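The structure under discussion appears below in the form of structure tokens.
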Amino acid sequence: MKERELERKTRVAQLLLDAARTLGETLDPDRVYDRFHDLLADVVQHDGVLVSSYDERDGLIRCEYAWSDGNRLDTTVFPPLPLNRKGGGMQSQVIVSGVPRFFNDVADVVQRPGGTYYDVDREGTVRKLPDSGPPGSRAAMMVPVKHEGQVVGVVQVMSNSGEYSPEQLELVDGLVGQMAAAVRNARLQKEQMRLEAAAAAARAVAAEREQAANVLDAVGDGIFLVDGAGVVRLWNRAAVLVTGCSADGVSGRPIVDVFPEWAAFAERIPIAEHGAAARAATLPARVGSRDLWLSFVAVRSADGIVYAFRDLTSERRLEEEKSDFVATISHELRTPMAAVYGAAQTLLNRDHELKPEQKHELLEMVATQAARLGQITEAVLLTTQLDQGSLAVEPEPVDIGALTRATVDAMRSQLPPSAEVEIEVAPEVGAASGARDRIQQVLVNLLDNAVKYGGDGPVSIRVEPANGSVRILVADSGPGIPFGEQARIFEKFYRSGPELTRATGGTGLGLYISRELVQRMGGRLEVRSQPGSGATFVVELPRAVP
């Protein structure tokens with residue numbers, strides 16, 4: 001007897017070893033169930049197999065694999081069953097106790113109160129027992145599925161005609177253990193593959209987003225996204241460069257914090273729906289202290305509205321400069337040309353009637369207005385050279401004090417008789433580095449400007465050393481320059497005060513030319529003014545190296 005028992009146990013061990021090898025060859029849980037059933041068919045007669053899982057969290061038993069009378073069944077036909085914690089029902093008894101059991105009297109068991117029983121045929125028709133009649137099965141084995149000592153499921157093996165023995169229950173219990181281990185391994189491997197696939201997908205999405213972000217940062221147009229609540233969710237590098245607003249400072253904030261006039265903008269910018277062509281709207285925008293002209297297009301997306309904008313400020317200013325140029329030059333040329341033409345006509349038609357002193361006055365007028373025309377032409381040509389960067393400035397040591405005195409002396413004959421100019425040169429000023437004729441041109445422009453706009457008071461010029469440079473200060477006693485205009489007076493064709501412009505004339509190029517020349521000599525030109533207290537123009541040039 002002992003030898004036969006030993007042989008049986010040896011066969012069971014070998015069977016379980018082969019089962020472990022067979023079940024472990026697949027990483028698909030459904031395939032593991034199919035192979036388990038194939039192994040079971042070789043050692044135990046049965047007409048039905050059910051593999052169910054049990055979830056402690058909700059207390060429900062759910063079918064995961066079902067086979068009946070030669071057909072694999074759809075598990076969705078089996079309703080989840082609540083665990084009977086009192087042990088009623090064959091499945092609940094095994095789950096609660098954790099001990100495998102076999103029943104050779106299924107017809108009697110289903111008659112006992114306290115349990116819920118179902119029967120299923122090969123077509124998947126589910127019947128509740130015993131209300132619908134006797135069960136189709138005569139015997140059944142119930143084996144718990146365990147993981148780390150906890151019952152996580154149950155396997156049912158049923159026979160319609162035979163009976164089961166303790167030895168068969170022992171064998172099925174061993175196969176169920178191997179099957180459970182293989183299913184857990186398959187699920188772990190499947191979850192690992194899912195996680196790896198998810199990680200790869202996340203990396204791909206991150207790479208795609210990074211590439212999209214790089215593309216957004218590489219394009220020249222500003223791009224930003226505004227969500228349904230009016231909050232900025234995207235702000236690319238070009239938007240930073242155009243507006244001066246950082247992405248960190250803008251993202252997550254309402255768009256009105258960037259563009260205070262956004263409510264008016266939103267009404268004027270057409271929003272293209274998906275697939276439609278976008279139309280641009282060019283609008284003036286104030287961002288911080290900057291006045292810009294921006295061309296907007298907008299497209300609706302799932303996350304909000306995507307806006308792209310292009311800075312047209314330079315183009316607008318160029319157009320304004322062209323218009324100003326035509327208007328200014330036309331105005332400035334008209335007066336001297338009319339005077340020259342009128343004097344020439346008089347000399348031609350009335351020469352015999354004019355006295356010598358009258359002829360001389362007319363010729364002086366022609367010479368003066370011709371000089372004025374030459375000055376206008378020179379200013380325009382010089383502005384063109386500065387804009388094109390073709391003006392060469394050769395630096396040399398220049399005695400600024402002496403040059404300032406000489407320039408003022410040369411200009412006195414051209415200044416109004418009432419104009420008073422005071423010069424002060426500090427001791428040990430030293431020489432500045434620059435082009436002598438260009439420095440003199442700057443002084444002429446500043447002195448002329450101070451006399452025109454400085455009122456009836458004197459104009460003072462001071463030359464002094466300052467922190468490794470030479471400083472020239474030209475101050476007048478006029479009404480001063482409003483703070484809002486102090487940055488603009490250095491723009492081309494800009495003249496402070498339209499009423500003064502009409503009174504004095506001028507191309508509006510003098511200060512622009514002066515600033516550009518000073519900058520090309522390595523210096524700087526700025527204005528200091530308090531309204532009502534005059535204006536002081538400050539030129540700083542680098543000191544010449546001995």
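Order determines the names: the first chain of the structure tokens is A, the second B, and so forth; residues in each chain are numbered 1 upward, and ligands are numbered 1 upward as they are shown.
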
Which of stretch 341-508 of chain A fall in helix (DSSP H, G or I), as a ChimeraX atom specification = /A:341-349,351-353,356-388,400-414,436-453,483-485,488-490,498-504

key: DSSP strand (DSSP E or B) selection over stretch 32-217 of chain A, as a ChimeraX atom specification   = /A:48-55,60-68,71-72,81-82,101-103,117-120,126-129,139-147,150-159

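Within 9 Å of stretch 486-488 of chain A, once only C-alpha atoms are used and residues closer than 4 positions along the same chain are dropped, the contacting residues are Ile481, Pro482, Lys492, Tyr494, Arg495, Ser496, Glu526, Val527, Arg528 and Ser529 of chain A.
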
Written selection (C-alpha atoms) as a PDB file, in the first residue's frame:
ATOM      1  CA  ILE A 481       9.716 119.584 -22.575  1.00  0.00           C
ATOM      2  CA  PRO A 482       6.769 117.507 -21.265  1.00  0.00           C
ATOM      3  CA  LYS A 492      12.866 111.496 -37.106  1.00  0.00           C
ATOM      4  CA  TYR A 494       9.262 114.854 -34.593  1.00  0.00           C
ATOM      5  CA  ARG A 495       8.963 118.447 -33.451  1.00  0.00           C
ATOM      6  CA  SER A 496       7.774 119.387 -29.994  1.00  0.00           C
ATOM      7  CA  GLU A 526      20.087 112.788 -23.524  1.00  0.00           C
ATOM      8  CA  VAL A 527      17.758 115.534 -22.386  1.00  0.00           C
ATOM      9  CA  ARG A 528      16.970 116.732 -18.877  1.00  0.00           C
ATOM     10  CA  SER A 529      13.918 118.896 -18.472  1.00  0.00           C
TER      11      SER A 529
END

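With only C-alpha atoms as the basis for measurement, A:Arg35 is the residue among A:Arg35, A:Arg350, A:Arg543, A:Lys128 that approaches A:Tyr65 most closely.
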